[in-house]
Amino acid sequence: MTLSSPLHHLIRTFETIAPYTITGKITDIQGMSVMGSGDHQDICIGSSVTIAKNNDTYHGEVIALKKNRAVILLARSVMGLSVGDLIIYARTPLMIAPNLEWKGRVINSLGEPLDDKGSLPLGSEHVATKRPPLPAPKRLKLMTPLDLGIRSLNAFTTACKGQRLGIFAGSGVGKSVLLSMLARYTNCDVCVIGLIGERGREVREFIEDTLGAEGLQKSVMVLATSDEPPLARRQAAYTTLTIAEYFRDLGLSVLCIIDSVTRFAMAQREIGLSAGEPPTTKGYPPSTFFELAQLCERAGPGLETDTDTVMGGGTITGLFSVLVDGDDHNEPIADAVRGLLDGHIVLDRSLAERGLYPAVNVLKSISRLASTAQTKHQKDLVLAAKKILATYDDMAELIRLGAYTQGSNPDVDEAIRLYPAFTTFFSQKPHEHTSLSNTFAQLELILEG
């Protein structure tokens, strides 16, 4: 019996059906936390819960167990609940059933539709939204270059399919626009976008204007706005990765965008503190950094192709945006994420202030798989370009002040001569696409002078 057979799916479905119902009652409500009675052995950390009252349904999760009580956080406000309300505990975490027809849809953290396109068709199998990454020794090696469609990234942070990159930026430097360009132009089969803690005002603008119909058509968007409880914001990230894993297991090339990992960490901080964890650096409890690693590791390549498994051949290219606090790229979350990923893209406020978009600082950005993705000729081009850009960067203040005398240094003279061409090369309009091969062709023309 293979893992893709109808009998296997039927068995997996029966495994998700509880042989009995576990119930309890609300004993106390403190802030956003609900205390529930219940000392059944099948109530565990991560168990999903349902509270039904007055034709309304509240979904939540057990985040801590204290003696004979369960500490529960809900994915919506606790308004309307009272002591004595019935709680139904599940033996499993939240589960969803992704489907190929989810492309082009906007859903919430629980896998429910938020658009006006009707109900979501369910897949043949329900899967847990919170699960461990694939075993590291069995994953595919990353070898295939990935066309990101953006000149500065294609050339200076050349990536492979299945790579995980961080986009580090302060507020207001064009992060959302860059992500939308990547969603539209990256060479992939499907794009799964998780907007975590996003401003409500920007959601419709992102869907209709920034992403556009072309980008949405090949995307699934998971949304949890900033006004939603921390459990919903954290759950949106898990749901995003679960949908991406579904497409990866079909052998597809998936682009998974999480915007932003920082807000995911903030949500986990609120959850951890509600569970009674001690605060550490900047108030983040220890579980925050563990959950960050678990989330990021779920992206990446699938398993080696195997005829006896549905999992094989697909990849998840992960793009995790990091909203750096006060433009400090060494704050705890940025520092932790940078160490987890396979490269980082740094957006520079000074470049944005000069009107250079996307404001990618190519000298501070790096792809750890660039040497695998680039040919020898491409490596030579990038090395020569970086040398020129670094020379200009070292002398930039003197050049702007007019303190540099032309002819004093031939390397600086060449950098001054070529810098306008590089500025044009880096500047790219939101609806402008440049292929990987064309990127290096343009770079070579600049270097030839």
# chains A, B, ... in the order shown; residues from 1 in each chain; ligands from 1
call {"tool": "closest_atom_pairs", "arguments": {"of": "segment 195-312 of chain A", "to": "segment 97-120 of chain A", "cutoff": "6 Å", "atoms": "only C-alpha atoms", "output": "CSV"}}
result
residue,atom,partner,partner_atom,distance
A:Leu216,CA,A:Gly104,CA,5.2
A:Gln217,CA,A:Gly104,CA,4.6
A:Lys218,CA,A:Lys103,CA,5.7
A:Ser219,CA,A:Lys103,CA,5.2
A:Val220,CA,A:Lys103,CA,5.0
A:Met221,CA,A:Val106,CA,4.7
A:Val222,CA,A:Ile107,CA,5.0
A:Leu223,CA,A:Asn108,CA,5.1
A:Ala232,CA,A:Ser109,CA,5.9
A:Gln235,CA,A:Ser109,CA,5.5
A:Ala236,CA,A:Ser109,CA,4.1
call {"tool": "select_by_dssp", "arguments": {"residues": "segment 239-319 of chain A", "states": "alpha helix (DSSP H)", "output": "PyMOL selection string"}}
result
chain A and resi 239-249+261-274+286-297
call {"tool": "write_last_selection", "arguments": {"atoms": "N, CA, C and O atoms", "output": "compact mmCIF listing (two decimals), in the first residue's frame"}}
result
# COMPACT_ATOMS: atom_id res chain seq x y z
N THR A 239 -0.30 27.79 9.11
CA THR A 239 -1.19 27.44 8.01
C THR A 239 -0.51 27.71 6.67
O THR A 239 -0.63 26.91 5.72
N THR A 240 0.22 28.82 6.58
CA THR A 240 0.94 29.15 5.35
C THR A 240 1.94 28.05 4.99
O THR A 240 1.99 27.58 3.84
N LEU A 241 2.74 27.61 5.96
CA LEU A 241 3.74 26.57 5.69
C LEU A 241 3.08 25.24 5.37
O LEU A 241 3.58 24.46 4.54
N THR A 242 1.95 24.94 6.00
CA THR A 242 1.25 23.68 5.74
C THR A 242 0.75 23.63 4.30
O THR A 242 0.86 22.60 3.63
N ILE A 243 0.19 24.74 3.82
CA ILE A 243 -0.27 24.79 2.43
C ILE A 243 0.92 24.67 1.47
O ILE A 243 0.86 23.96 0.46
N ALA A 244 2.01 25.34 1.81
CA ALA A 244 3.22 25.25 0.97
C ALA A 244 3.74 23.81 0.93
O ALA A 244 4.16 23.32 -0.13
N GLU A 245 3.70 23.12 2.05
CA GLU A 245 4.15 21.72 2.10
C GLU A 245 3.26 20.83 1.25
O GLU A 245 3.73 19.87 0.62
N TYR A 246 1.96 21.12 1.22
CA TYR A 246 1.04 20.34 0.39
C TYR A 246 1.43 20.43 -1.08
O TYR A 246 1.53 19.42 -1.79
N PHE A 247 1.69 21.64 -1.57
CA PHE A 247 2.08 21.82 -2.97
C PHE A 247 3.47 21.22 -3.22
O PHE A 247 3.71 20.63 -4.28
N ARG A 248 4.37 21.36 -2.25
CA ARG A 248 5.70 20.76 -2.41
C ARG A 248 5.60 19.25 -2.55
O ARG A 248 6.30 18.63 -3.36
N ASP A 249 4.74 18.62 -1.75
CA ASP A 249 4.61 17.17 -1.78
C ASP A 249 3.99 16.66 -3.07
O ASP A 249 4.05 15.47 -3.36
N VAL A 261 8.19 37.63 9.86
CA VAL A 261 8.62 36.73 10.92
C VAL A 261 8.66 37.46 12.26
O VAL A 261 8.43 36.88 13.32
N THR A 262 8.95 38.76 12.23
CA THR A 262 9.00 39.54 13.46
C THR A 262 7.66 39.55 14.18
O THR A 262 7.59 39.37 15.39
N ARG A 263 6.59 39.72 13.41
CA ARG A 263 5.26 39.74 14.03
C ARG A 263 4.86 38.34 14.49
O ARG A 263 4.11 38.19 15.46
N PHE A 264 5.34 37.31 13.81
CA PHE A 264 5.15 35.95 14.30
C PHE A 264 5.83 35.78 15.65
O PHE A 264 5.26 35.21 16.59
N ALA A 265 7.06 36.29 15.78
CA ALA A 265 7.79 36.20 17.05
C ALA A 265 7.10 36.99 18.15
O ALA A 265 7.05 36.55 19.31
N MET A 266 6.55 38.14 17.80
CA MET A 266 5.83 38.94 18.79
C MET A 266 4.59 38.21 19.28
O MET A 266 4.25 38.25 20.47
N ALA A 267 3.89 37.53 18.35
CA ALA A 267 2.72 36.75 18.75
C ALA A 267 3.13 35.61 19.67
O ALA A 267 2.46 35.35 20.69
N GLN A 268 4.23 34.92 19.35
CA GLN A 268 4.71 33.84 20.20
C GLN A 268 5.15 34.36 21.56
O GLN A 268 5.02 33.67 22.56
N ARG A 269 5.68 35.58 21.59
CA ARG A 269 6.05 36.18 22.88
C ARG A 269 4.82 36.34 23.77
O ARG A 269 4.85 36.00 24.95
N GLU A 270 3.73 36.84 23.20
CA GLU A 270 2.50 37.00 23.97
C GLU A 270 1.96 35.65 24.44
O GLU A 270 1.50 35.51 25.58
N ILE A 271 2.04 34.65 23.58
CA ILE A 271 1.55 33.32 23.94
C ILE A 271 2.42 32.70 25.03
O ILE A 271 1.92 32.14 26.00
N GLY A 272 3.73 32.80 24.87
CA GLY A 272 4.65 32.24 25.85
C GLY A 272 4.49 32.87 27.23
O GLY A 272 4.49 32.17 28.25
N LEU A 273 4.33 34.18 27.25
CA LEU A 273 4.14 34.86 28.54
C LEU A 273 2.80 34.48 29.17
O LEU A 273 2.69 34.34 30.39
N SER A 274 1.77 34.30 28.33
CA SER A 274 0.47 33.87 28.85
C SER A 274 0.54 32.46 29.44
O SER A 274 -0.20 32.13 30.36
N PRO A 286 11.92 31.76 25.99
CA PRO A 286 12.75 30.79 25.23
C PRO A 286 12.03 30.12 24.07
O PRO A 286 12.64 29.81 23.05
N SER A 287 10.71 29.88 24.20
CA SER A 287 9.98 29.17 23.14
C SER A 287 9.97 29.95 21.83
O SER A 287 9.81 29.36 20.76
N THR A 288 10.13 31.27 21.89
CA THR A 288 10.09 32.09 20.67
C THR A 288 11.16 31.66 19.69
O THR A 288 10.91 31.48 18.49
N PHE A 289 12.37 31.48 20.19
CA PHE A 289 13.49 31.15 19.30
C PHE A 289 13.40 29.71 18.81
O PHE A 289 13.82 29.39 17.70
N PHE A 290 12.83 28.82 19.63
CA PHE A 290 12.59 27.45 19.18
C PHE A 290 11.54 27.43 18.07
O PHE A 290 11.71 26.75 17.05
N GLU A 291 10.46 28.18 18.26
CA GLU A 291 9.40 28.21 17.24
C GLU A 291 9.89 28.86 15.95
O GLU A 291 9.48 28.45 14.86
N LEU A 292 10.76 29.85 16.05
CA LEU A 292 11.33 30.47 14.85
C LEU A 292 12.10 29.43 14.03
O LEU A 292 11.96 29.36 12.80
N ALA A 293 12.92 28.64 14.72
CA ALA A 293 13.71 27.61 14.03
C ALA A 293 12.79 26.57 13.40
O ALA A 293 13.01 26.15 12.25
N GLN A 294 11.76 26.14 14.13
CA GLN A 294 10.82 25.16 13.60
C GLN A 294 10.12 25.68 12.35
O GLN A 294 9.96 24.95 11.36
N LEU A 295 9.71 26.95 12.38
CA LEU A 295 9.00 27.55 11.24
C LEU A 295 9.90 27.64 10.02
O LEU A 295 9.53 27.22 8.92
N CYS A 296 11.10 28.18 10.21
CA CYS A 296 12.01 28.38 9.07
C CYS A 296 12.47 27.05 8.47
O CYS A 296 12.63 26.95 7.24
N GLU A 297 12.69 26.04 9.30
CA GLU A 297 13.17 24.75 8.80
C GLU A 297 12.12 23.99 8.00
O GLU A 297 12.46 23.08 7.25
call {"tool": "closest_residue", "arguments": {"among": "A:Tyr238, A:Tyr404, A:Phe320, A:Tyr419", "to": "Pro93 of chain A", "atoms": "only C-alpha atoms"}}
result
A:Tyr238
call {"tool": "atom_distance", "arguments": {"atom1": "atom CA of Asp209 of chain A", "atom2": "atom CA of Leu195 of chain A"}}
result
15.5 Å
call {"tool": "residues_around", "arguments": {"residues": "Ile88 of chain A", "least_positions_apart": "6", "cutoff": "7 Å", "atoms": "only C-alpha atoms", "output": "ChimeraX atom specification"}}
result
/A:22-24,49-51
call {"tool": "write_last_selection", "arguments": {"atoms": "N, CA, C and O atoms", "output": "compact mmCIF listing (two decimals), in the first residue's frame"}}
result
# COMPACT_ATOMS: atom_id res chain seq x y z
N ILE A 22 -14.19 14.69 24.34
CA ILE A 22 -13.62 15.18 25.59
C ILE A 22 -14.18 16.58 25.83
O ILE A 22 -14.03 17.47 24.99
N THR A 23 -14.82 16.76 26.95
CA THR A 23 -15.43 18.06 27.25
C THR A 23 -14.95 18.61 28.59
O THR A 23 -14.37 17.89 29.41
N GLY A 24 -15.15 19.89 28.77
CA GLY A 24 -14.84 20.57 30.02
C GLY A 24 -15.66 21.85 30.08
O GLY A 24 -16.51 22.10 29.20
N VAL A 49 -9.28 23.35 20.51
CA VAL A 49 -10.52 23.37 21.28
C VAL A 49 -11.59 24.15 20.53
O VAL A 49 -11.28 25.01 19.70
N THR A 50 -12.84 23.84 20.83
CA THR A 50 -13.97 24.55 20.26
C THR A 50 -14.94 24.91 21.38
O THR A 50 -15.25 24.06 22.22
N ILE A 51 -15.36 26.15 21.39
CA ILE A 51 -16.37 26.60 22.35
C ILE A 51 -17.54 27.15 21.54
O ILE A 51 -17.37 28.08 20.76
call {"tool": "residues_around", "arguments": {"residues": "Asp39 of chain A", "least_positions_apart": "6", "cutoff": "12 Å", "atoms": "only C-alpha atoms", "output": "list in words"}}
result
Ile22, Thr23, Gly24, Lys25, Leu65, Lys66, Lys67, Asn68, Arg69, Ala70, Val71 and Tyr89 of chain A
call {"tool": "residues_around", "arguments": {"residues": "segment 339-350 of chain A", "least_positions_apart": "2", "cutoff": "7 Å", "atoms": "only C-alpha atoms", "output": "ChimeraX atom specification"}}
result
/A:163-169,173,293,335-337,352-354,359-361,364-368
call {"tool": "atom_distance", "arguments": {"atom1": "atom CA of Leu303 of chain A", "atom2": "atom CA of Leu134 of chain A"}}
result
7.6 Å
call {"tool": "closest_residue", "arguments": {"among": "A:Asp411, A:Glu277, A:Asp328, A:Asp147", "to": "Asn187 of chain A", "atoms": "only C-alpha atoms"}}
result
A:Asp147
call {"tool": "residues_around", "arguments": {"residues": "segment 374-379 of chain A", "least_positions_apart": "5", "cutoff": "10 Å", "atoms": "only C-alpha atoms", "output": "PDB file with C-alpha atoms, in the first residue's frame"}}
result
ATOM      1  CA  THR A 144      18.952  24.495  -9.522  1.00  0.00           C
ATOM      2  CA  PRO A 145      19.291  28.297  -9.969  1.00  0.00           C
ATOM      3  CA  ASN A 154      19.449  37.805  -9.479  1.00  0.00           C
ATOM      4  CA  ALA A 155      23.001  39.116  -9.723  1.00  0.00           C
ATOM      5  CA  PHE A 156      24.180  39.682  -6.146  1.00  0.00           C
ATOM      6  CA  THR A 157      22.087  37.198  -4.137  1.00  0.00           C
ATOM      7  CA  THR A 158      21.628  34.498  -6.764  1.00  0.00           C
ATOM      8  CA  ALA A 159      19.431  31.807  -5.210  1.00  0.00           C
ATOM      9  CA  CYS A 160      18.587  28.150  -5.735  1.00  0.00           C
ATOM     10  CA  LEU A 369      24.208  29.283  -2.262  1.00  0.00           C
ATOM     11  CA  ALA A 384      34.308  42.648 -10.346  1.00  0.00           C
ATOM     12  CA  ALA A 385      31.068  44.590  -9.768  1.00  0.00           C
ATOM     13  CA  SER A 437      20.171  35.445 -18.085  1.00  0.00           C
ATOM     14  CA  PHE A 440      24.012  38.985 -16.167  1.00  0.00           C
ATOM     15  CA  ALA A 441      24.041  40.194 -19.777  1.00  0.00           C
ATOM     16  CA  LEU A 443      25.857  43.460 -15.812  1.00  0.00           C
ATOM     17  CA  GLU A 444      28.510  42.441 -18.323  1.00  0.00           C
TER      18      GLU A 444
END
call {"tool": "closest_residue", "arguments": {"among": "A:Ala370, A:Ala224, A:Leu323, A:Val192", "to": "Ala299 of chain A", "atoms": "only C-alpha atoms"}}
result
A:Val192
call {"tool": "select_by_dssp", "arguments": {"residues": "segment 159-383 of chain A", "states": "strand (DSSP E)", "output": "count of residues only"}}
result
48
call {"tool": "atom_distance", "arguments": {"atom1": "atom CA of Glu61 of chain A", "atom2": "atom CA of Arg199 of chain A"}}
result
24.5 Å
